[in-house]
$ cat input.cif   # mmCIF, C-alpha atoms
data_data
#
loop_
_atom_site.label_atom_id
_atom_site.label_comp_id
_atom_site.auth_asym_id
_atom_site.auth_seq_id
_atom_site.Cartn_x
_atom_site.Cartn_y
_atom_site.Cartn_z
CA MET W 1310 -34.56 -12.84 -24.72
CA LEU W 1311 -32.98 -10.05 -22.69
CA GLN W 1312 -30.16 -8.04 -24.19
CA GLY W 1313 -26.80 -7.69 -22.49
CA ALA W 1314 -25.89 -11.39 -22.32
CA ASN W 1315 -22.47 -10.59 -20.80
CA CYS W 1316 -24.20 -9.63 -17.53
CA LEU W 1317 -26.63 -12.58 -17.43
CA ASN W 1318 -26.17 -16.18 -16.32
CA LEU W 1319 -23.58 -15.09 -13.75
CA GLY W 1320 -25.72 -15.37 -10.62
CA HIS W 1321 -26.05 -11.61 -10.06
CA HIS W 1322 -28.75 -10.12 -7.85
CA LEU W 1323 -30.29 -6.80 -8.95
CA GLY W 1324 -32.00 -4.09 -6.90
CA LEU W 1325 -34.60 -2.19 -8.93
CA ASP W 1326 -36.68 0.92 -8.43
CA ASN W 1327 -40.41 0.91 -9.19
CA TYR W 1328 -39.83 2.68 -12.52
CA PHE W 1329 -38.22 -0.44 -13.97
CA SER W 1330 -39.90 -3.28 -12.07
CA SER W 1331 -42.57 -5.56 -13.50
CA PRO W 1332 -43.48 -9.23 -12.93
CA LYS W 1333 -42.53 -10.14 -16.51
CA LEU W 1334 -39.07 -8.57 -16.17
CA PHE W 1335 -38.38 -10.45 -12.94
CA ILE W 1336 -39.37 -13.79 -14.49
CA ASP W 1337 -37.25 -13.11 -17.59
CA LEU W 1338 -34.26 -12.29 -15.38
CA TYR W 1339 -34.81 -15.44 -13.30
CA ASN W 1340 -34.82 -17.55 -16.46
CA GLU W 1341 -31.40 -16.04 -17.20
CA HIS W 1342 -30.11 -17.08 -13.74
CA THR W 1343 -30.30 -13.51 -12.43
CA THR W 1344 -32.36 -12.77 -9.33
CA ALA W 1345 -33.90 -9.38 -8.54
CA THR W 1346 -35.67 -7.49 -5.76
CA GLY W 1347 -37.43 -4.16 -6.02
CA THR W 1348 -40.49 -2.03 -5.48
CA VAL W 1349 -43.18 -2.02 -8.16
CA ARG W 1350 -45.96 0.33 -9.19
CA VAL W 1351 -49.46 -0.93 -8.46
CA ASN W 1352 -50.62 -0.40 -12.07
CA ARG W 1353 -48.16 -2.91 -13.53
CA LYS W 1354 -49.69 -5.85 -15.35
CA GLY W 1355 -49.51 -9.27 -13.71
CA LEU W 1356 -49.69 -8.20 -10.05
CA PRO W 1357 -52.02 -10.34 -7.87
CA LYS W 1358 -55.23 -8.50 -7.03
CA GLN W 1359 -55.47 -10.25 -3.65
CA VAL W 1360 -52.31 -8.45 -2.52
CA LEU W 1361 -53.31 -5.05 -3.87
CA LYS W 1362 -56.85 -5.05 -2.43
CA GLN W 1363 -56.24 -6.67 0.95
CA SER W 1364 -56.79 -4.36 3.93
CA LEU W 1365 -53.73 -4.13 6.18
CA GLN W 1366 -52.96 -2.84 9.64
CA ASN W 1367 -49.68 -1.13 10.41
CA GLN W 1368 -46.66 -3.45 10.03
CA GLU W 1369 -48.81 -6.15 8.41
CA VAL W 1370 -48.06 -7.76 5.06
CA ALA W 1371 -50.02 -9.40 2.25
CA GLU W 1372 -48.01 -12.02 0.36
CA ARG W 1373 -48.58 -14.03 -2.78
CA ARG W 1374 -46.19 -16.34 -4.60
CA LYS W 1375 -46.28 -17.65 -8.16
CA GLY W 1376 -43.38 -19.93 -8.92
CA PRO W 1377 -40.13 -18.15 -8.03
CA LEU W 1378 -41.78 -14.71 -7.88
CA LEU W 1379 -42.90 -13.36 -4.51
CA CYS W 1380 -45.18 -10.30 -4.31
CA VAL W 1381 -45.55 -8.50 -0.96
CA ALA W 1382 -47.59 -5.47 0.08
CA TYR W 1383 -46.34 -3.91 3.32
CA LYS W 1384 -48.10 -1.31 5.49
CA ASP W 1385 -45.55 1.04 7.04
CA GLY W 1386 -47.31 4.01 8.60
CA ASN W 1387 -48.94 6.01 5.81
CA ARG W 1388 -46.97 4.18 3.13
CA ARG W 1389 -47.94 0.93 1.48
CA PRO W 1390 -45.11 -0.18 -0.81
CA VAL W 1391 -45.47 -3.24 -3.04
CA LEU W 1392 -42.34 -5.31 -3.59
CA LEU W 1393 -41.31 -8.13 -5.91
CA SER W 1394 -38.48 -10.60 -5.47
CA THR W 1395 -37.24 -13.86 -6.93
CA VAL W 1396 -34.85 -14.52 -4.06
CA ALA W 1397 -36.55 -13.35 -0.83
CA ARG W 1398 -38.65 -15.65 1.31
CA ALA W 1399 -42.04 -14.93 2.84
CA GLY W 1400 -42.47 -13.95 6.48
CA TYR W 1401 -40.53 -11.75 8.86
CA ASP W 1402 -36.95 -11.40 10.09
CA ILE W 1403 -35.91 -10.21 13.54
CA VAL W 1404 -33.62 -7.20 13.22
CA VAL W 1405 -32.04 -4.74 15.66
CA ASN W 1406 -33.11 -1.12 15.18
CA ARG W 1407 -31.10 2.01 15.95
CA ARG W 1408 -32.07 1.91 19.60
CA GLY W 1409 -30.76 -1.62 19.99
CA GLN W 1410 -34.24 -3.13 20.23
CA ASN W 1411 -35.39 -6.26 18.42
CA THR W 1412 -38.11 -5.62 15.86
CA ARG W 1413 -39.79 -7.49 13.03
CA LYS W 1414 -39.31 -6.59 9.40
CA PRO W 1415 -40.56 -8.46 6.33
CA SER W 1416 -37.78 -10.54 4.86
CA ILE W 1417 -38.27 -9.01 1.42
CA VAL W 1418 -37.74 -5.52 2.90
CA GLN W 1419 -34.42 -6.61 4.36
CA VAL W 1420 -33.30 -7.99 0.99
CA TYR W 1421 -34.42 -4.80 -0.78
CA ASN W 1422 -32.56 -2.54 1.67
CA LYS W 1423 -29.34 -4.49 1.14
CA ALA W 1424 -29.72 -4.39 -2.64
CA MET W 1425 -30.70 -0.72 -2.93
CA GLY W 1426 -28.75 0.73 0.00
CA GLY W 1427 -25.81 1.80 -2.15
CA VAL W 1428 -28.03 3.38 -4.81
CA ASP W 1429 -30.14 5.30 -2.28
CA LEU W 1430 -27.04 6.48 -0.42
CA SER W 1431 -25.48 7.66 -3.67
CA ASP W 1432 -28.61 9.62 -4.60
CA ALA W 1433 -28.76 11.18 -1.14
CA LYS W 1434 -25.16 12.35 -1.42
CA LEU W 1435 -25.69 13.53 -4.99
CA TYR W 1436 -28.66 15.79 -4.26
CA THR W 1437 -26.89 17.49 -1.35
CA TYR W 1438 -24.93 19.69 -3.78
CA LEU W 1439 -26.67 19.04 -7.11
CA ALA W 1440 -27.31 22.38 -8.85
CA GLU W 1441 -30.45 21.37 -10.74
CA ARG W 1442 -32.92 24.01 -11.77
CA ARG W 1443 -36.52 23.67 -12.81
CA THR W 1444 -36.72 23.39 -16.54
CA LEU W 1445 -38.94 21.84 -19.18
CA LYS W 1446 -35.93 20.46 -21.01
CA TRP W 1447 -35.17 17.06 -19.53
CA THR W 1448 -31.89 16.95 -21.45
CA LYS W 1449 -30.52 19.73 -19.23
CA LYS W 1450 -31.39 17.79 -16.09
CA VAL W 1451 -29.70 14.66 -17.44
CA PHE W 1452 -26.56 16.65 -18.31
CA ILE W 1453 -26.41 18.33 -14.89
CA SER W 1454 -27.01 14.98 -13.17
CA LEU W 1455 -24.16 13.36 -15.09
CA ILE W 1456 -21.80 16.19 -14.15
CA GLY W 1457 -22.89 15.92 -10.52
CA ARG W 1458 -22.34 12.15 -10.42
CA ALA W 1459 -18.92 12.50 -11.99
CA LEU W 1460 -18.00 15.11 -9.39
CA LEU W 1461 -19.31 12.90 -6.56
CA ASN W 1462 -17.40 9.86 -7.83
CA SER W 1463 -14.20 11.89 -8.10
CA TYR W 1464 -14.65 13.06 -4.51
CA ILE W 1465 -15.09 9.47 -3.28
CA LEU W 1466 -11.90 8.42 -5.06
CA TYR W 1467 -10.11 11.47 -3.69
CA SER W 1468 -11.18 10.79 -0.08
CA LYS W 1469 -10.05 7.16 -0.31
CA ASN W 1470 -6.63 7.83 -1.82
CA VAL W 1471 -5.44 11.03 -0.17
CA GLU W 1472 -3.27 10.88 2.93
CA GLY W 1473 -3.65 13.35 5.74
CA ARG W 1474 -6.36 15.95 5.97
CA VAL W 1475 -9.28 15.40 3.58
CA LEU W 1476 -11.30 18.33 2.29
CA ASN W 1477 -15.00 18.27 2.95
CA ARG W 1478 -17.39 17.94 0.06
CA HIS W 1479 -18.14 21.65 -0.25
CA SER W 1480 -14.48 22.69 -0.20
CA TYR W 1481 -13.64 20.00 -2.74
CA ASN W 1482 -16.35 21.25 -5.14
CA ILE W 1483 -15.05 24.81 -4.79
CA SER W 1484 -11.49 23.69 -5.55
CA VAL W 1485 -12.64 21.85 -8.69
CA ILE W 1486 -14.54 24.91 -9.91
CA GLU W 1487 -11.55 27.15 -9.25
CA SER W 1488 -9.30 24.76 -11.20
CA PHE W 1489 -11.67 25.03 -14.17
CA VAL W 1490 -11.67 28.82 -13.96
CA GLY W 1491 -7.86 29.03 -13.78
CA ASP W 1492 -6.40 32.53 -13.84
CA TYR W 1493 -9.45 34.13 -15.40
CA ARG W 1494 -10.88 37.03 -13.47
CA PRO W 1495 -13.60 39.35 -14.76
CA SER W 1496 -12.35 42.84 -15.42
CA LYS W 1497 -13.43 45.36 -12.81
CA ILE W 1498 -14.80 48.66 -14.04
CA PRO W 1499 -13.41 51.46 -11.84
CA ARG W 1500 -16.17 53.47 -10.25
CA LYS W 1501 -15.42 56.91 -8.93
CA ARG W 1502 -17.71 58.26 -6.29
CA ARG W 1503 -19.16 61.62 -7.25
CA SER W 1504 -18.44 64.59 -5.02
CA MET W 1505 -21.18 66.81 -3.59
CA GLN W 1506 -20.16 69.52 -6.11
CA ASP W 1507 -20.68 67.12 -9.05
CA ILE W 1508 -24.11 66.16 -7.71
CA ALA W 1509 -25.11 69.83 -7.31
CA GLU W 1510 -23.98 70.65 -10.86
CA ALA W 1511 -25.90 67.71 -12.27
CA ARG W 1512 -29.06 68.86 -10.52
CA ASN W 1513 -28.80 72.34 -12.02
CA GLN W 1514 -28.37 71.11 -15.60
CA PRO W 1515 -31.59 71.22 -17.68
CA ILE W 1516 -32.91 67.94 -19.00
CA ASN W 1517 -34.20 67.91 -22.55
CA ILE W 1518 -36.97 65.36 -22.96
CA LEU W 1519 -37.56 64.61 -26.63
CA PRO W 1520 -40.94 63.42 -27.87
CA PRO W 1521 -41.04 59.82 -29.14
CA GLN W 1522 -39.67 59.58 -32.67
CA HIS W 1523 -40.91 57.27 -35.41
CA ALA W 1524 -38.64 55.52 -37.83
CA HIS W 1525 -40.72 56.69 -40.76
CA GLU W 1526 -43.58 58.97 -41.59
CA PRO W 1527 -45.98 56.79 -43.52
CA GLY W 1528 -48.71 58.29 -45.58
CA PRO W 1529 -52.31 57.12 -45.45
CA SER W 1530 -51.75 54.82 -48.43
CA THR W 1531 -48.89 52.89 -46.80
CA CYS W 1532 -50.60 52.05 -43.48
CA LYS W 1533 -53.24 49.37 -43.27
CA LEU W 1534 -55.11 47.77 -40.39
CA VAL W 1535 -54.51 44.01 -40.54
CA LYS W 1536 -56.15 41.32 -38.43
CA LEU W 1537 -53.72 39.01 -36.64
CA GLU W 1538 -53.79 35.23 -36.74
CA VAL W 1539 -56.31 33.41 -34.60
CA GLY W 1540 -55.24 33.43 -30.95
CA LYS W 1541 -52.64 36.21 -31.33
CA ARG W 1542 -53.10 39.66 -29.75
CA ARG W 1543 -50.92 42.73 -29.24
CA ASP W 1544 -50.98 45.68 -26.86
CA CYS W 1545 -52.62 48.78 -28.33
CA VAL W 1546 -50.08 51.64 -28.35
CA ASN W 1547 -52.58 54.50 -28.55
CA GLY W 1548 -52.21 55.51 -24.89
CA HIS W 1549 -55.04 53.74 -23.06
CA GLU W 1550 -55.22 54.25 -19.30
CA LYS W 1551 -55.28 50.48 -18.81
CA ARG W 1552 -53.57 47.81 -20.81
CA THR W 1553 -55.68 47.03 -23.88
CA ARG W 1554 -55.09 44.03 -26.10
CA SER W 1555 -56.10 44.07 -29.78
CA SER W 1556 -56.39 41.48 -32.51
CA TYR W 1557 -55.29 44.07 -35.12
CA GLU W 1558 -52.02 45.78 -36.03
CA CYS W 1559 -50.72 48.37 -38.47
CA SER W 1560 -48.92 46.49 -41.22
CA ASN W 1561 -46.48 49.32 -41.87
CA CYS W 1562 -45.80 50.65 -38.35
CA ASN W 1563 -45.69 47.13 -36.85
CA VAL W 1564 -47.64 48.15 -33.72
CA GLY W 1565 -50.83 46.85 -32.19
CA LEU W 1566 -53.89 49.07 -32.61
CA CYS W 1567 -57.59 48.87 -31.93
CA PRO W 1568 -59.81 49.52 -34.97
CA GLY W 1569 -61.07 52.73 -33.33
CA CYS W 1570 -57.53 53.93 -32.55
CA PHE W 1571 -56.07 53.48 -36.05
CA THR W 1572 -56.92 56.93 -37.45
CA GLU W 1573 -56.24 58.82 -34.19
CA TYR W 1574 -52.83 57.22 -33.75
CA HIS W 1575 -51.61 58.08 -37.24
CA ASN W 1576 -52.98 61.62 -37.13
CA THR W 1577 -51.18 62.22 -33.83
CA LYS W 1578 -47.97 60.62 -35.11
CA ASN W 1579 -47.86 62.85 -38.20
CA LEU W 1580 -48.17 66.10 -36.21
#

$ encode --input "input.cif" --output "C-alpha cells"
Amino acid sequence: MLQGANCLNLGHHLGLDNYFSSPKLFIDLYNEHTTATGTVRVNRKGLPKQVLKQSLQNQEVAERRKGPLLCVAYKDGNRRPVLLSTVARAGYDIVVNRRGQNTRKPSIVQVYNKAMGGVDLSDAKLYTYLAERRTLKWTKKVFISLIGRALLNSYILYSKNVEGRVLNRHSYNISVIESFVGDYRPSKIPRKRRSMQDIAEARNQPINILPPQHAHEPGPSTCKLVKLEVGKRRDCVNGHEKRTRSSYECSNCNVGLCPGCFTEYHNTKNL
C-alpha cells in the first residue's frame, strides 16, 4: 500500500522522471485510482524485452501493453527514450509544430509533455541563475537548490501581483540580495600612494635577511627518526634540489627527513 493516502483515490495524473519510474510503481498508483506517465530507465525490472531490443528507425516506436500499463520505446534522432503510462493510448497523434506544419508524434509523448511541461520549465528557469558549485557534499547542493527555488517562486508571485513596470529576473535577484545586506558595507582601508621620494628611500635602505630559526635546539638524545604510518609521506626538509618525499620524520622537530639526511640536518641546525 502506498503512503500518502490523502493524495490518492482522487483521480490525479502524475508526470514522473526516469529516476522515480518503474512498472510496479505505475501499477500500484493505478490500483489507487491515480494514473501516471513518465520516462523510465532501461534497467528497471518488469520492462518488456521486446520493446527494449527491437531495432527502430527514426520516428518509429515499439509498443507493448500489459493490462493498463503501456510501455513505448521511441527513436528520436540519437535518443531512444522509453516511456510508461497508465493513461496514454498506443499509436500516433497529429500535432502542429513550430513552423505550422502537421507532424506525427506518439500519443504517449504528447501526454508526457503535458504532464512534465511545468516541471521542465521550472527547472530551466531555475538553472538560469542557480549559483551551484561543484562539491562532494550533496547536502550543499540541496540547500542551494532550495534557496534558488524559493527565490524563483517569489519572483513568479512578484511578477503576477505587481502593477506597472516589472523588474527582470536578474534585477530582482540583486534587489533581494541588497535587502539581505541592508546598510552593511565593508570598511575601506585607505591606501596612500607612495611618492617617488618614498620609493627611492625604500630602495636605499638595507634589508636584513635572518637565517631560519628553530623553535628549539634539541640535543641528540631528544631527536629520533620515526617511520610514518603506511601510506603517509612527508617532504624532506634537508634542501634537496627536487622535491623528495620520505616515509620518515623527526619525532621532536616534526619535520620530514630521509634516513640519510637525519644527521646532516641536525648538525647543520645546531651550528

$ residues_around --input "input.cif" --residues "Leu1317 of chain W" --least-positions-apart "4" --cutoff "8 Å" --atoms "only C-alpha atoms" --output "list in words"
Gly1313, His1321, Leu1338, Glu1341, His1342 and Thr1343 of chain W

$ residues_around --input "input.cif" --residues "Pro1415 of chain W" --least-positions-apart "4" --cutoff "7 Å" --atoms "only C-alpha atoms" --output "PyMOL selection string"
chain W and resi 1400-1402+1419

$ residues_around --input "input.cif" --residues "Gly1565 of chain W" --least-positions-apart "4" --cutoff "9 Å" --atoms "all atoms listed in the file" --output "VMD selection string"
chain W and resid 1542 to 1547 1554 to 1559

$ resolve_selection --input "input.cif" --expression "the PyMOL selection byres ((chain W and resi 1457-1459) around 9)" --output "list of chain:residue names"
W:Ser1431, W:Asp1432, W:Leu1435, W:Tyr1436, W:Tyr1438, W:Leu1439, W:Ala1440, W:Phe1452, W:Ile1453, W:Ser1454, W:Leu1455, W:Ile1456, W:Leu1460, W:Leu1461, W:Asn1462, W:Ser1463, W:Tyr1464

$ resolve_selection --input "input.cif" --expression "the PyMOL selection byres ((chain W and resi 1377) around 9)" --output "list in words"
Ile1336, Tyr1339, Arg1374, Lys1375, Gly1376, Leu1378, Leu1379, Ser1394, Thr1395 and Val1396 of chain W

$ residues_around --input "input.cif" --residues "Val1420 of chain W" --least-positions-apart "4" --cutoff "10 Å" --atoms "all atoms listed in the file" --output "PyMOL selection string"
chain W and resi 1324+1345-1347+1394+1396-1398+1415-1416+1424-1426

$ resolve_selection --input "input.cif" --expression "the PyMOL selection byres ((chain W and resi 1369) around 12)" --output "PyMOL selection string"
chain W and resi 1360+1363-1368+1370-1372+1381-1386+1388-1390+1400-1401+1413-1415

$ atom_distance --input "input.cif" --atom1 "atom CA of Glu1538 of chain W" --atom2 "atom CA of Lys1551 of chain W"
23.6 Å

$ decode --input "input.cif" --residues "segment 1314-1328 of chain W" --atoms "N, CA, C and O atoms" --output "PDB file, in the first residue's frame"
ATOM      1  N   ALA W1314      -2.096   8.674   1.648  1.00  0.00           N
ATOM      2  CA  ALA W1314      -3.443   8.352   1.181  1.00  0.00           C
ATOM      3  C   ALA W1314      -4.255   9.594   0.850  1.00  0.00           C
ATOM      4  O   ALA W1314      -5.213   9.513   0.078  1.00  0.00           O
ATOM      5  N   ASN W1315      -3.903  10.761   1.413  1.00  0.00           N
ATOM      6  CA  ASN W1315      -4.669  11.975   1.144  1.00  0.00           C
ATOM      7  C   ASN W1315      -4.564  12.402  -0.313  1.00  0.00           C
ATOM      8  O   ASN W1315      -5.411  13.152  -0.802  1.00  0.00           O
ATOM      9  N   CYS W1316      -3.511  11.973  -1.006  1.00  0.00           N
ATOM     10  CA  CYS W1316      -3.312  12.352  -2.406  1.00  0.00           C
ATOM     11  C   CYS W1316      -3.797  11.280  -3.369  1.00  0.00           C
ATOM     12  O   CYS W1316      -3.806  11.514  -4.582  1.00  0.00           O
ATOM     13  N   LEU W1317      -4.185  10.109  -2.880  1.00  0.00           N
ATOM     14  CA  LEU W1317      -4.605   9.001  -3.727  1.00  0.00           C
ATOM     15  C   LEU W1317      -6.122   8.955  -3.818  1.00  0.00           C
ATOM     16  O   LEU W1317      -6.836   9.638  -3.079  1.00  0.00           O
ATOM     17  N   ASN W1318      -6.585   8.144  -4.776  1.00  0.00           N
ATOM     18  CA  ASN W1318      -8.024   7.938  -4.969  1.00  0.00           C
ATOM     19  C   ASN W1318      -8.775   9.229  -5.274  1.00  0.00           C
ATOM     20  O   ASN W1318      -9.965   9.361  -4.948  1.00  0.00           O
ATOM     21  N   LEU W1319      -8.071  10.189  -5.882  1.00  0.00           N
ATOM     22  CA  LEU W1319      -8.698  11.457  -6.250  1.00  0.00           C
ATOM     23  C   LEU W1319      -8.678  11.694  -7.756  1.00  0.00           C
ATOM     24  O   LEU W1319      -9.051  12.768  -8.216  1.00  0.00           O
ATOM     25  N   GLY W1320      -8.203  10.700  -8.512  1.00  0.00           N
ATOM     26  CA  GLY W1320      -8.178  10.829  -9.963  1.00  0.00           C
ATOM     27  C   GLY W1320      -7.059  11.691 -10.503  1.00  0.00           C
ATOM     28  O   GLY W1320      -7.138  12.181 -11.634  1.00  0.00           O
ATOM     29  N   HIS W1321      -5.987  11.882  -9.720  1.00  0.00           N
ATOM     30  CA  HIS W1321      -4.864  12.702 -10.191  1.00  0.00           C
ATOM     31  C   HIS W1321      -4.078  11.964 -11.271  1.00  0.00           C
ATOM     32  O   HIS W1321      -4.076  10.730 -11.342  1.00  0.00           O
ATOM     33  N   HIS W1322      -3.385  12.744 -12.087  1.00  0.00           N
ATOM     34  CA  HIS W1322      -2.448  12.195 -13.076  1.00  0.00           C
ATOM     35  C   HIS W1322      -1.067  12.755 -12.798  1.00  0.00           C
ATOM     36  O   HIS W1322      -0.882  13.974 -12.696  1.00  0.00           O
ATOM     37  N   LEU W1323      -0.067  11.879 -12.663  1.00  0.00           N
ATOM     38  CA  LEU W1323       1.289  12.280 -12.284  1.00  0.00           C
ATOM     39  C   LEU W1323       2.222  12.207 -13.482  1.00  0.00           C
ATOM     40  O   LEU W1323       2.125  11.299 -14.307  1.00  0.00           O
ATOM     41  N   GLY W1324       3.150  13.154 -13.567  1.00  0.00           N
ATOM     42  CA  GLY W1324       4.257  13.106 -14.514  1.00  0.00           C
ATOM     43  C   GLY W1324       5.540  12.822 -13.766  1.00  0.00           C
ATOM     44  O   GLY W1324       5.881  13.550 -12.833  1.00  0.00           O
ATOM     45  N   LEU W1325       6.249  11.752 -14.162  1.00  0.00           N
ATOM     46  CA  LEU W1325       7.421  11.304 -13.410  1.00  0.00           C
ATOM     47  C   LEU W1325       8.653  11.289 -14.289  1.00  0.00           C
ATOM     48  O   LEU W1325       8.586  11.017 -15.485  1.00  0.00           O
ATOM     49  N   ASP W1326       9.793  11.578 -13.650  1.00  0.00           N
ATOM     50  CA  ASP W1326      11.082  11.464 -14.311  1.00  0.00           C
ATOM     51  C   ASP W1326      11.564  10.023 -14.210  1.00  0.00           C
ATOM     52  O   ASP W1326      11.032   9.216 -13.442  1.00  0.00           O
ATOM     53  N   ASN W1327      12.613   9.689 -14.975  1.00  0.00           N
ATOM     54  CA  ASN W1327      13.062   8.289 -15.007  1.00  0.00           C
ATOM     55  C   ASN W1327      13.680   7.840 -13.690  1.00  0.00           C
ATOM     56  O   ASN W1327      13.833   6.638 -13.464  1.00  0.00           O
ATOM     57  N   TYR W1328      14.052   8.778 -12.817  1.00  0.00           N
ATOM     58  CA  TYR W1328      14.632   8.396 -11.530  1.00  0.00           C
ATOM     59  C   TYR W1328      13.600   7.689 -10.654  1.00  0.00           C
ATOM     60  O   TYR W1328      13.940   6.815  -9.863  1.00  0.00           O
TER      61      TYR W1328
END
